[in-house]
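Asker: So here's coords26.txt, just compact mmCIF, C-alpha atoms and all ligand atoms:
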# COMPACT_ATOMS: atom_id res chain seq x y z
CA MET A 1280 -24.15 19.52 -51.76
CA SER A 1281 -20.57 20.01 -53.01
CA SER A 1282 -19.59 18.13 -56.14
CA LYS A 1283 -16.95 16.21 -54.15
CA SER A 1284 -19.59 14.96 -51.68
CA THR A 1285 -21.91 14.08 -54.56
CA ARG A 1286 -19.17 12.07 -56.29
CA ILE A 1287 -18.24 10.26 -53.07
CA LEU A 1288 -21.90 9.41 -52.60
CA GLU A 1289 -21.98 7.96 -56.14
CA ILE A 1290 -18.88 5.86 -55.45
CA LEU A 1291 -20.34 4.57 -52.17
CA ARG A 1292 -23.62 3.72 -53.89
CA LYS A 1293 -21.85 1.84 -56.69
CA SER A 1294 -19.62 -0.17 -54.38
CA ARG A 1295 -21.62 -2.94 -52.76
CA ASP A 1296 -18.99 -3.61 -50.11
CA TYR A 1297 -16.57 -1.48 -48.10
CA ILE A 1298 -14.29 0.74 -50.12
CA SER A 1299 -11.13 2.22 -48.65
CA GLY A 1300 -10.51 5.94 -48.25
CA GLU A 1301 -7.36 5.37 -50.34
CA GLU A 1302 -9.36 3.99 -53.31
CA ILE A 1303 -11.86 6.86 -53.14
CA SER A 1304 -9.09 9.44 -52.96
CA VAL A 1305 -7.35 7.92 -56.03
CA GLU A 1306 -10.61 7.75 -58.00
CA LEU A 1307 -11.38 11.41 -57.28
CA GLY A 1308 -7.81 12.68 -57.36
CA VAL A 1309 -8.13 14.28 -53.90
CA SER A 1310 -6.36 13.70 -50.57
CA ARG A 1311 -7.55 11.13 -48.03
CA SER A 1312 -8.24 13.90 -45.55
CA ALA A 1313 -10.50 15.60 -48.12
CA VAL A 1314 -12.38 12.28 -48.46
CA TRP A 1315 -12.67 12.04 -44.71
CA LYS A 1316 -14.01 15.61 -44.46
CA SER A 1317 -16.63 14.97 -47.16
CA ILE A 1318 -17.72 11.77 -45.43
CA GLY A 1319 -18.25 13.87 -42.28
CA LYS A 1320 -20.38 16.34 -44.26
CA LEU A 1321 -22.49 13.54 -45.73
CA ARG A 1322 -23.05 12.14 -42.24
CA GLY A 1323 -24.03 15.62 -41.09
CA LYS A 1324 -26.70 15.60 -43.83
CA GLY A 1325 -28.11 12.36 -42.41
CA TYR A 1326 -26.47 9.67 -44.54
CA ILE A 1327 -25.48 6.66 -42.46
CA ILE A 1328 -21.96 5.65 -43.51
CA ASP A 1329 -20.25 2.78 -41.72
CA ALA A 1330 -16.48 2.98 -41.24
CA VAL A 1331 -14.36 -0.05 -40.33
CA SER A 1332 -10.60 0.18 -39.93
CA ASN A 1333 -8.64 -1.69 -42.62
CA ARG A 1334 -11.78 -2.00 -44.77
CA GLY A 1335 -12.98 1.55 -45.33
CA TYR A 1336 -16.42 3.05 -45.81
CA ARG A 1337 -19.80 1.63 -46.76
CA LEU A 1338 -23.09 3.45 -47.33
CA SER A 1339 -25.46 1.82 -44.91
CA GLU A 1340 -28.58 3.77 -45.75
CA GLY A 1341 -29.63 6.61 -48.00
CA ILE A 1342 -31.65 9.34 -46.37
CA ASP A 1343 -35.24 10.24 -46.84
CA LEU A 1344 -34.82 13.99 -47.01
CA PRO A 1345 -36.36 15.63 -50.09
CA ILE A 1346 -33.06 17.11 -51.20
CA SER A 1347 -32.14 17.65 -54.81
CA ASP A 1348 -29.60 14.80 -55.15
CA GLU A 1349 -32.01 12.25 -53.72
CA ILE A 1350 -35.05 13.32 -55.74
CA HIS A 1351 -32.95 13.43 -58.92
CA ARG A 1352 -32.11 9.75 -58.50
CA TYR A 1353 -35.74 8.99 -59.43
CA LEU A 1354 -36.97 12.04 -61.30
CA GLU A 1355 -37.72 11.85 -65.04
CA THR A 1356 -39.04 15.27 -65.99
CA GLU A 1357 -38.04 17.97 -68.40
CA TYR A 1358 -38.70 21.09 -66.29
CA PHE A 1359 -40.44 20.24 -63.04
CA GLY A 1360 -37.87 19.83 -60.26
CA ARG A 1361 -34.80 20.22 -62.46
CA GLU A 1362 -33.84 22.93 -59.93
CA ILE A 1363 -34.67 22.03 -56.31
CA VAL A 1364 -34.04 24.34 -53.37
CA TYR A 1365 -34.11 22.35 -50.12
CA MET A 1366 -34.34 23.84 -46.62
CA ASP A 1367 -34.00 21.92 -43.36
CA SER A 1368 -36.46 24.40 -41.89
CA VAL A 1369 -38.39 27.27 -43.49
CA ASP A 1370 -41.46 29.28 -42.50
CA SER A 1371 -43.36 28.09 -45.57
CA THR A 1372 -42.10 26.59 -48.83
CA ASN A 1373 -44.75 28.70 -50.58
CA ASN A 1374 -43.31 31.90 -49.10
CA LEU A 1375 -39.81 31.03 -50.25
CA ALA A 1376 -41.05 29.93 -53.69
CA MET A 1377 -42.95 33.24 -54.12
CA THR A 1378 -39.77 35.16 -53.19
CA LEU A 1379 -37.61 33.14 -55.57
CA ALA A 1380 -40.19 33.52 -58.34
CA ALA A 1381 -40.22 37.31 -57.86
CA ARG A 1382 -36.44 37.22 -58.26
CA GLY A 1383 -36.75 35.38 -61.56
CA ALA A 1384 -36.47 31.66 -60.67
CA ALA A 1385 -37.13 29.42 -63.66
CA HIS A 1386 -40.40 27.68 -64.53
CA GLY A 1387 -40.44 24.32 -62.74
CA THR A 1388 -38.18 25.37 -59.86
CA VAL A 1389 -39.13 23.52 -56.68
CA VAL A 1390 -38.77 24.34 -53.00
CA THR A 1391 -38.88 21.50 -50.45
CA ALA A 1392 -38.31 21.45 -46.71
CA ASP A 1393 -37.98 18.92 -43.92
CA GLN A 1394 -40.01 21.19 -41.65
CA GLN A 1395 -42.16 24.33 -41.90
CA THR A 1396 -42.46 26.67 -38.95
CA ASN A 1397 -45.44 28.51 -40.40
CA GLY A 1398 -46.97 26.11 -42.92
CA ARG A 1399 -50.01 27.75 -44.48
CA GLY A 1400 -53.27 26.21 -45.65
CA ARG A 1401 -56.16 27.64 -47.65
CA MET A 1402 -58.51 30.20 -46.13
CA GLY A 1403 -55.83 31.39 -43.68
CA ARG A 1404 -55.57 28.01 -41.97
CA LYS A 1405 -52.37 26.53 -40.56
CA TRP A 1406 -50.71 23.44 -42.03
CA ILE A 1407 -49.08 21.29 -39.36
CA SER A 1408 -45.54 20.67 -40.63
CA PRO A 1409 -43.33 18.67 -38.25
CA SER A 1410 -39.80 17.60 -39.24
CA GLY A 1411 -38.78 14.13 -40.34
CA SER A 1412 -42.17 12.96 -41.50
CA ASN A 1413 -44.16 14.68 -44.25
CA LEU A 1414 -43.71 16.16 -47.70
CA TYR A 1415 -43.85 19.94 -48.15
CA LEU A 1416 -43.24 20.88 -51.77
CA SER A 1417 -43.87 24.09 -53.71
CA ILE A 1418 -43.35 24.50 -57.42
CA ILE A 1419 -43.00 27.70 -59.43
CA LEU A 1420 -44.92 27.84 -62.71
CA ARG A 1421 -44.83 30.47 -65.42
CA PRO A 1422 -47.81 29.61 -67.60
CA GLU A 1423 -48.45 31.78 -70.62
CA VAL A 1424 -52.19 31.97 -69.98
CA SER A 1425 -54.64 34.51 -68.58
CA PRO A 1426 -55.27 34.69 -64.80
CA ALA A 1427 -58.74 33.18 -65.38
CA GLU A 1428 -57.20 30.18 -67.15
CA ALA A 1429 -54.53 29.83 -64.46
CA SER A 1430 -57.31 29.25 -61.93
CA GLN A 1431 -57.62 25.74 -63.46
CA ILE A 1432 -54.17 24.82 -62.12
CA PRO A 1433 -55.45 23.65 -58.68
CA VAL A 1434 -57.45 20.94 -60.47
CA LEU A 1435 -54.31 19.77 -62.28
CA SER A 1436 -52.38 19.69 -59.03
CA VAL A 1437 -54.95 17.61 -57.18
CA ILE A 1438 -55.06 15.06 -60.01
CA ALA A 1439 -51.25 14.92 -59.96
CA SER A 1440 -51.31 14.28 -56.19
CA ILE A 1441 -53.94 11.55 -56.59
CA ARG A 1442 -51.86 9.81 -59.28
CA ALA A 1443 -48.65 10.12 -57.22
CA LEU A 1444 -50.34 8.70 -54.11
CA GLU A 1445 -51.79 5.83 -56.15
CA ARG A 1446 -48.32 5.04 -57.51
CA MET A 1447 -46.99 4.89 -53.93
CA VAL A 1448 -49.85 2.82 -52.51
CA PRO A 1449 -51.93 1.32 -55.35
CA ASP A 1450 -55.14 0.44 -53.50
CA LEU A 1451 -55.33 3.44 -51.19
CA PRO A 1452 -58.98 4.54 -50.95
CA ILE A 1453 -58.46 8.25 -51.59
CA GLY A 1454 -60.87 10.86 -52.84
CA ILE A 1455 -61.02 14.56 -53.67
CA LYS A 1456 -62.95 17.16 -51.74
CA TRP A 1457 -63.28 20.19 -54.02
CA PRO A 1458 -61.23 22.13 -54.69
CA ASN A 1459 -58.06 20.21 -53.88
CA ASP A 1460 -58.14 18.38 -50.58
CA ILE A 1461 -57.48 14.65 -50.59
CA TYR A 1462 -59.11 12.46 -47.99
CA CYS A 1463 -58.54 8.83 -47.04
CA ARG A 1464 -61.24 7.00 -45.06
CA GLY A 1465 -62.73 10.28 -43.84
CA ARG A 1466 -59.50 11.99 -42.81
CA LYS A 1467 -57.40 14.50 -44.72
CA ILE A 1468 -54.08 13.28 -46.12
CA SER A 1469 -53.13 16.07 -48.53
CA GLY A 1470 -53.87 19.69 -49.34
CA THR A 1471 -52.64 22.25 -51.84
CA LEU A 1472 -52.30 26.00 -51.61
CA CYS A 1473 -52.01 27.78 -54.99
CA GLU A 1474 -50.88 31.39 -55.06
CA MET A 1475 -50.48 33.68 -58.02
CA LYS A 1476 -48.83 36.98 -58.92
CA ALA A 1477 -50.64 38.46 -61.89
CA GLU A 1478 -51.70 41.58 -63.69
CA ILE A 1479 -55.28 41.94 -64.96
CA ASP A 1480 -54.52 40.10 -68.21
CA ARG A 1481 -51.22 38.38 -67.61
CA VAL A 1482 -49.82 35.85 -65.15
CA ASN A 1483 -46.44 36.57 -63.71
CA HIS A 1484 -46.01 33.37 -61.77
CA VAL A 1485 -48.00 30.74 -59.91
CA VAL A 1486 -46.79 28.79 -56.88
CA VAL A 1487 -48.43 25.43 -56.21
CA GLY A 1488 -47.63 24.21 -52.68
CA THR A 1489 -48.59 20.69 -51.75
CA GLY A 1490 -48.46 19.07 -48.35
CA ILE A 1491 -48.82 15.29 -48.08
CA ASP A 1492 -48.81 13.53 -44.73
CA VAL A 1493 -46.40 10.68 -45.32
CA ASN A 1494 -44.94 9.22 -42.13
CA MET A 1495 -46.74 11.29 -39.49
CA LYS A 1496 -47.67 9.16 -36.47
CA PRO A 1497 -51.09 9.28 -34.81
CA SER A 1498 -51.46 11.86 -32.07
CA ASP A 1499 -54.48 13.09 -30.15
CA SER A 1500 -54.46 16.49 -31.82
CA ILE A 1501 -54.84 15.10 -35.35
CA ARG A 1502 -56.42 11.67 -34.84
CA ASP A 1503 -59.91 12.65 -36.00
CA ILE A 1504 -59.04 15.05 -38.78
CA ALA A 1505 -55.80 13.99 -40.44
CA THR A 1506 -54.14 10.79 -41.52
CA SER A 1507 -50.89 9.79 -43.21
CA LEU A 1508 -49.61 7.04 -45.50
CA PHE A 1509 -47.99 5.49 -42.44
CA MET A 1510 -51.24 5.59 -40.45
CA GLU A 1511 -53.11 3.98 -43.35
CA THR A 1512 -50.61 1.25 -44.23
CA GLY A 1513 -48.56 0.66 -41.06
CA ILE A 1514 -45.28 1.14 -42.94
CA GLU A 1515 -43.00 4.11 -43.59
CA HIS A 1516 -42.90 5.52 -47.12
CA SER A 1517 -40.23 7.46 -48.98
CA ARG A 1518 -40.82 11.21 -49.18
CA VAL A 1519 -38.16 11.33 -51.85
CA ARG A 1520 -39.91 8.89 -54.19
CA LEU A 1521 -43.27 10.54 -53.54
CA ALA A 1522 -41.79 13.94 -54.43
CA ALA A 1523 -40.43 12.51 -57.69
CA PHE A 1524 -43.77 10.86 -58.53
CA LEU A 1525 -45.64 14.08 -57.78
CA LEU A 1526 -43.41 16.16 -60.03
CA GLU A 1527 -43.63 13.63 -62.88
CA GLU A 1528 -47.40 13.38 -62.68
CA PHE A 1529 -47.78 17.14 -62.40
CA GLU A 1530 -45.58 17.79 -65.42
CA ASN A 1531 -47.63 15.25 -67.43
CA VAL A 1532 -51.03 16.78 -66.67
CA TYR A 1533 -49.70 20.32 -66.95
CA ASN A 1534 -48.25 19.74 -70.43
CA ARG A 1535 -51.42 18.02 -71.62
CA TRP A 1536 -53.47 20.94 -70.26
CA LEU A 1537 -51.35 23.44 -72.19
CA ILE A 1538 -52.01 21.47 -75.38
CA GLU A 1539 -55.75 20.91 -74.76
CA GLY A 1540 -56.46 24.37 -73.38
CA ASN A 1541 -59.01 23.12 -70.82
CA LEU A 1542 -59.67 20.38 -68.24
CA GLU A 1543 -61.93 18.14 -70.33
CA PHE A 1544 -59.27 15.38 -70.42
CA ILE A 1545 -59.32 14.87 -66.63
CA ILE A 1546 -62.97 15.44 -65.81
CA ASP A 1547 -63.77 11.68 -65.76
CA GLU A 1548 -60.83 11.00 -63.47
CA TRP A 1549 -61.90 13.86 -61.21
CA ASP A 1550 -65.48 12.52 -61.13
CA ARG A 1551 -64.29 9.01 -60.24
CA HIS A 1552 -62.38 10.39 -57.26
CA SER A 1553 -64.84 13.05 -56.17
CA LEU A 1554 -66.13 12.62 -52.62
CA LEU A 1555 -68.85 15.19 -53.21
CA LYS A 1556 -70.36 14.08 -56.55
CA ASP A 1557 -74.18 13.86 -56.29
CA LYS A 1558 -74.03 15.07 -52.67
CA GLN A 1559 -75.80 18.06 -51.18
CA VAL A 1560 -73.15 20.61 -50.11
CA ASP A 1561 -72.72 24.11 -48.71
CA VAL A 1562 -69.99 26.11 -50.41
CA ARG A 1563 -68.55 29.01 -48.48
CA THR A 1564 -67.36 31.63 -50.97
CA VAL A 1565 -65.78 35.00 -50.14
CA ASN A 1566 -69.11 36.68 -49.42
CA ARG A 1567 -71.85 34.03 -49.21
CA ILE A 1568 -72.79 30.40 -48.75
CA VAL A 1569 -74.20 28.61 -51.80
CA SER A 1570 -76.04 25.32 -51.27
CA GLY A 1571 -76.76 22.72 -53.92
CA LYS A 1572 -76.14 19.24 -55.30
CA VAL A 1573 -72.67 18.64 -56.79
CA MET A 1574 -72.91 17.70 -60.47
CA GLY A 1575 -69.14 17.70 -61.12
CA ILE A 1576 -66.64 20.25 -62.35
CA SER A 1577 -66.75 22.29 -65.52
CA GLN A 1578 -64.08 22.36 -68.23
CA ASN A 1579 -62.58 25.36 -66.49
CA GLY A 1580 -62.47 23.91 -62.99
CA ALA A 1581 -65.58 25.46 -61.44
CA LEU A 1582 -67.78 23.35 -59.18
CA LYS A 1583 -71.13 22.67 -60.89
CA LEU A 1584 -74.02 22.86 -58.45
CA GLU A 1585 -77.68 22.12 -59.06
CA LEU A 1586 -79.66 24.56 -56.91
CA SER A 1587 -82.99 23.70 -55.24
CA ASP A 1588 -84.92 25.43 -58.06
CA GLY A 1589 -83.22 23.12 -60.61
CA SER A 1590 -80.94 25.80 -62.05
CA GLU A 1591 -77.19 25.31 -62.43
CA ARG A 1592 -74.63 27.48 -60.66
CA LEU A 1593 -70.87 27.48 -61.26
CA VAL A 1594 -68.72 28.24 -58.21
CA TYR A 1595 -65.11 29.20 -58.95
CA ALA A 1596 -63.58 29.46 -55.49
CA GLY A 1597 -64.58 28.49 -51.99
CA ASP A 1598 -64.70 25.72 -49.45
CA ALA A 1599 -67.24 22.92 -49.72
CA THR A 1600 -68.69 20.88 -46.89
CA LEU A 1601 -71.42 18.28 -46.91
CA HIS A 1602 -74.74 19.99 -46.23
CA GLY A 1603 -75.25 20.35 -42.50
CA ALA A 1604 -71.74 19.09 -41.56
CA SER A 1605 -69.32 21.34 -39.69
CA PRO A 1606 -66.38 22.66 -41.74
CA VAL A 1607 -63.17 20.62 -41.55
CA SER A 1608 -59.70 21.74 -42.48
C1 LIG B 1 -54.92 23.28 -47.37
O1 LIG B 1 -55.32 22.11 -47.32
O2 LIG B 1 -55.54 24.19 -46.81
C2 LIG B 1 -53.67 23.56 -48.14
C3 LIG B 1 -52.43 23.07 -47.43
C4 LIG B 1 -51.15 23.36 -48.20
C5 LIG B 1 -49.92 22.99 -47.43
C6 LIG B 1 -48.69 23.10 -48.28
S1 LIG B 1 -47.26 22.41 -47.50
C7 LIG B 1 -46.23 23.09 -48.73
C8 LIG B 1 -46.76 24.48 -49.00
N1 LIG B 1 -46.25 25.43 -48.05
C9 LIG B 1 -47.21 25.97 -47.30
O3 LIG B 1 -47.03 26.82 -46.40
N2 LIG B 1 -48.39 25.47 -47.64
C10 LIG B 1 -48.28 24.51 -48.71
Would you kindly transcribe this structure into structure tokens?
Answerer:
Amino acid sequence: MSSKSTRILEILRKSRDYISGEEISVELGVSRSAVWKSIGKLRGKGYIIDAVSNRGYRLSEGIDLPISDEIHRYLETEYFGREIVYMDSVDSTNNLAMTLAARGAAHGTVVTADQQTNGRGRMGRKWISPSGSNLYLSIILRPEVSPAEASQIPVLSVIASIRALERMVPDLPIGIKWPNDIYCRGRKISGTLCEMKAEIDRVNHVVVGTGIDVNMKPSDSIRDIATSLFMETGIEHSRVRLAAFLLEEFENVYNRWLIEGNLEFIIDEWDRHSLLKDKQVDVRTVNRIVSGKVMGISQNGALKLELSDGSERLVYAGDATLHGASPVS
């Protein structure tokens, strides 16, 4: 958004009542027609601005688009989300984030979108991404760790999402399905796709892309498999605030992880939220299915399984389903 539009937005926010175009133009030192043009641009972005002759303009409502200016009203982070690239529509925020990262975008740069035309999930699945309802957010990280250590990042991201969702709706009964799906009363509400560009011993960049179903309404195609904050609570929630919460929580756990060097500090929290703990599961890995009882996660993010012969097996990547149940996305 241009700096003129941003400043007009600030003036409208500050003024509780109508403010005339004349007053705004004097405050900014620009012409009244420039004010009028900027008001038109703000409306085009979705801000609802009332105009009454002889009284002037009044901001009726902010918008709930995860654009930089809106998220920055709430965001208190050092790096995460200091730079936000917003797209009305994009194929996938992860794709764009990977491209920007390859071109040198800074650690903590975020890509958000109102809609994704080719939202991607794990294991080649699709992520349904309609406009005007959900949060699609990808963040670029440049951790100075080995690729093996970077594989712990999905655990950090799922804990950040859990904390952000609990800040939005404190008593929401949410749980984690390893590795980083979040379910609410049996239906999926959030998922994360982590992608990495690395050499054998060095990480170039990681992109963590999170989708959270915020205001999606029930429809036949998703009723049994997906839910949203709206479907769970009956009220609409702010994508902007949720984005800010997510970035704050993620920066907190990420920084702590860099200091600690492993995931020990969140294992209890993970256990408390795990939907699979002590359950018999089948884990589909790249080349086999491993079955066992879930004992928790290890310090480095692997799923700890107790096999039928009593031995322990660590599984680093895959998709877990309750033993005998059909896979869900
Ligand atoms: C999964 O549950 O399989 C992961 C879903 C990840 C979806 C998010 S939405 C933002 C980012 N962009 C994408 O294309 N995917 C991730």
Asker: List all protein, DNA and RNA residues that have an atom no more than 10 Å from any atom of ligand LIG 1 (chain B), counting all atoms listed in the file, and report them as a VMD selection string.
Answerer: chain A and resid 1369 to 1376 1390 to 1392 1394 to 1408 1413 to 1418 1458 to 1461 1467 to 1474 1486 to 1492 1598 1607 to 1608
Asker: Using all atoms listed in the file, determine which residues lie at most 8 Å from Val1562 of chain A, disregarding the query and same-chain residues fewer than 3 positions distant; provide the list as a PyMOL selection string.
Answerer: chain A and resi 1568-1570+1597-1600
Asker: Quick one: of A:Ser1304, A:Ser1410, A:Ser1430, A:Asn1566, who's nearest to Arg1286 of chain A, counting all atoms listed in the file?
Answerer: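 Of all the options, A:Ser1304 lies closest to Arg1286 of chain A.
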Asker: Point out the residue among A:Met1495, A:Ala1523, A:Val1485, A:Ala1477 with the least atom-to-atom distance to Leu1444 of chain A, counting only C-alpha atoms.
Answerer: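 Smallest distance to Leu1444 of chain A is found for A:Ala1523.
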Asker: What's the 6 Å shell around segment 1288-1301 of chain A, counting only C-alpha atoms, without same-chain residues fewer than 3 positions away, as a PyMOL selection string?
Answerer: chain A and resi 1285+1304+1311+1334-1338
Asker: Write to file, as a compact mmCIF listing (two decimals), in the frame of the given file, the residues of the selection just made, with C-alpha atoms.
Answerer:
# COMPACT_ATOMS: atom_id res chain seq x y z
CA THR A 1285 -21.91 14.08 -54.56
CA SER A 1304 -9.09 9.44 -52.96
CA ARG A 1311 -7.55 11.13 -48.03
CA ARG A 1334 -11.78 -2.00 -44.77
CA GLY A 1335 -12.98 1.55 -45.33
CA TYR A 1336 -16.42 3.05 -45.81
CA ARG A 1337 -19.80 1.63 -46.76
CA LEU A 1338 -23.09 3.45 -47.33
Asker: Between atom CA of Leu1420 of chain A and atom CA of Trp1536 of chain A, measure the distance and give it in Å to one decimal.
Answerer: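 Between atom CA of Leu1420 of chain A and atom CA of Trp1536 of chain A the gap is 13.3 Å.
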Asker: Using all atoms listed in the file, which of the listed residues (A:His1386, A:Met1574, A:Glu1543, A:Phe1524) sits closest to Ala1443 of chain A?
Answerer: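 For Ala1443 of chain A, the nearest of the given residues is A:Phe1524.
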Asker: What is the atom CA of Tyr1365 of chain A to atom CA of His1351 of chain A distance in Å?
Answerer: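 Computing the Euclidean distance for atom CA of Tyr1365 of chain A and atom CA of His1351 of chain A yields 12.6 Å.
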Asker: Check the smallest atom-to-atom distance from each of A:Asn1531, A:Ser1577, A:Ser1312, A:Ser1317 to Gln1431 of chain A using only C-alpha atoms, then report the winner.
Answerer: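 Comparing A:Asn1531, A:Ser1577, A:Ser1312, A:Ser1317 against Gln1431 of chain A, the winner is A:Ser1577.
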Asker: Adding 5 Å on each side of the box along x, y and z that holds all listed atoms of segment 1566-1582 of chain A, could you give its centre and edge lengths in Å to one decimal, as lines of an AutoDock Vina configuration file?
Answerer:
center_x = -69.6
center_y = 27.2
center_z = -58.5
size_x = 24.3
size_y = 29.0
size_z = 29.5
Asker: Figure out the distance between atom CA of Glu1548 of chain A and atom CA of Arg1481 of chain A, please, to one decimal in Å.
Answerer: 29.3 Å
Asker: Measuring between all atoms listed in the file, which one of A:Asn1534, A:Ile1328, A:Ala1581, A:Ser1284 shows the shortest distance to Lys1316 of chain A?
Answerer: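 Once distances to Lys1316 of chain A are computed over all atoms listed in the file, the minimum belongs to A:Ser1284.
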Asker: Go through A:Glu1585, A:Glu1539, A:Asp1329, A:Asp1557 one by one, measure the shortest atom-to-atom distance of each to Leu1601 of chain A using all atoms listed in the file, and give the residue with the smallest value.
Answerer: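 Distance minimum relative to Leu1601 of chain A lands on A:Asp1557.
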Asker: Here's a test: counting only C-alpha atoms, identify every protein, DNA and RNA residue with an atom at most 10 Å from (-27.8, 14.8, -44.7) in the file's coordinate frame, and state them as a ChimeraX atom specification.
Answerer: /A:1280,1319-1327,1341-1344,1346,1367
